[in-house]
Amino acid sequence: MTIAQRGLAEFIGTFWLVFGGCGSAIFAAAFPQVGIGLLGVSLAFGLTVLTMAYAIGHVSGCHLNPAVTAGLWAGGRFPAREIAPYVVAQVAGAIAAALMLYLVASGRAEWSLARDGLAANGYGVHSPGGYAMLSGFIAEALLTFFFLIVILGATDYRAPQGFAPIAIGLCLTLIHLISIPITNTSVNPARSTGPALLVGGWAIEQLWLFWIAPILGAIAAGAVYRTFDIRQD
């Protein structure tokens with residue numbers, strides 16, 4: 001596959017992750033009569049990754065996340081020269097999805113971007129549970145670390161074949177179950193960037209955390225997992 005084909009796959013996959021995951025929080029979790037709640041939103045994010053892993057995993061590897069791309073590079077699974085095209089495609093897909101979410105949500109007269117938002121990530125007063133910046137940073141870095149450990153392990157040449165999307169999707173579901181109350185769960189700089197650009201203000205001011213913490217956690221995981229690889233680089 002050419003880099004353009006793989007970039008398009010990453011764009012589509014990241015669009016699906018943001019539209020499906022954040023959309024479940026904006027449209028379904030907000031209404032008591034639907035009531036999918038924390039569990040439903042967590043499962044929605046996991047399902048977006050699981051479904052896209054089967055759909056485009058054979059095309060681009062289904063990163064859908066700059067932190068995953070960085071972690072795979074650190075783990076010796078991805079070339080440095082292709083990081084930038086992947087990240088650009090992922091961020092573009094997330095922004096496009098956020099725009100579509102805004103267009104759909106704004107079709108309801110009672111909805112307000114300032115009041116209801118677009119499932120943006122935040123800490124302090126913008127944390128769903130009121131958690132401080134340090135709590136958010138630790139959670140994002142640590143959970144991304146384990147996300148990458150699962151990704152690297154499930155896609156290892158020694159692992160059972162064909163089951164990686166299930167393990168990765170369930171891992172992301174678990175991550176959301178843990179951290180939605182803390183930061184609204186990022187572990188993905190692209191997912192954070194799309195909604196933040198539309199929400200503006202505080203969301204953009206706090207966006208730095210949702211780039212730095214996940215990428216640090218992912219790179220650390222890649223470095224650690226390399227010690228498990230018996231092959232010589």
# chains A, B, ... in the order shown; residues from 1 in each chain; ligands from 1
>>> residues_around(residues="segment 87-97 of chain A", least_positions_apart="6", cutoff="10 Å", atoms="only C-alpha atoms", output="VMD selection string")
chain A and resid 4 6 to 20 22 to 23 63 to 70 103 188 to 198
>>> residues_around(residues="Leu216 of chain A", least_positions_apart="2", cutoff="12 Å", atoms="only C-alpha atoms", output="PyMOL selection string")
chain A and resi 66-71+74+137-146+148+187-189+209-214+218-223
>>> atom_distance(atom1="atom CA of Ala80 of chain A", atom2="atom CA of Leu50 of chain A")
25.5 Å
>>> residues_around(residues="segment 115-130 of chain A", least_positions_apart="2", cutoff="6 Å", atoms="only C-alpha atoms", output="list in words")
Cys22, Ser112, Leu113, Ala132, Met133, Pro181, Ile182, Thr183, Asn184, Pro195 and Ala196 of chain A
>>> write_last_selection(atoms="N, CA and C atoms", output="short mmCIF file (atom, residue, chain, number, x, y, z; two decimals), in the first residue's frame")
data_model
loop_
_atom_site.label_atom_id
_atom_site.label_comp_id
_atom_site.auth_asym_id
_atom_site.auth_seq_id
_atom_site.Cartn_x
_atom_site.Cartn_y
_atom_site.Cartn_z
N CYS A 22 -17.15 9.63 20.62
CA CYS A 22 -17.65 10.90 21.15
C CYS A 22 -19.14 11.06 20.85
N SER A 112 -26.33 23.22 23.12
CA SER A 112 -25.43 24.37 23.11
C SER A 112 -23.99 23.89 23.17
N LEU A 113 -23.17 24.37 22.26
CA LEU A 113 -21.76 23.99 22.27
C LEU A 113 -21.09 24.42 23.57
N ALA A 132 -7.54 16.84 39.47
CA ALA A 132 -6.52 17.86 39.21
C ALA A 132 -5.65 17.47 38.01
N MET A 133 -4.86 18.43 37.55
CA MET A 133 -3.99 18.23 36.40
C MET A 133 -3.05 17.04 36.58
N PRO A 181 -14.24 9.36 34.28
CA PRO A 181 -14.44 10.33 35.36
C PRO A 181 -13.24 11.26 35.60
N ILE A 182 -12.06 10.86 35.14
CA ILE A 182 -10.85 11.64 35.42
C ILE A 182 -10.63 12.72 34.38
N THR A 183 -10.60 12.34 33.11
CA THR A 183 -10.31 13.31 32.04
C THR A 183 -11.30 13.24 30.88
N ASN A 184 -12.32 12.43 31.00
CA ASN A 184 -13.20 12.12 29.87
C ASN A 184 -12.50 11.20 28.87
N PRO A 195 -12.37 17.64 18.97
CA PRO A 195 -13.35 18.37 19.78
C PRO A 195 -12.80 19.67 20.37
N ALA A 196 -11.53 19.68 20.78
CA ALA A 196 -10.95 20.87 21.41
C ALA A 196 -10.96 22.06 20.47
#
>>> residues_around(residues="segment 154-163 of chain A", least_positions_apart="5", cutoff="9 Å", atoms="only C-alpha atoms", output="VMD selection string")
chain A and resid 149 168 229
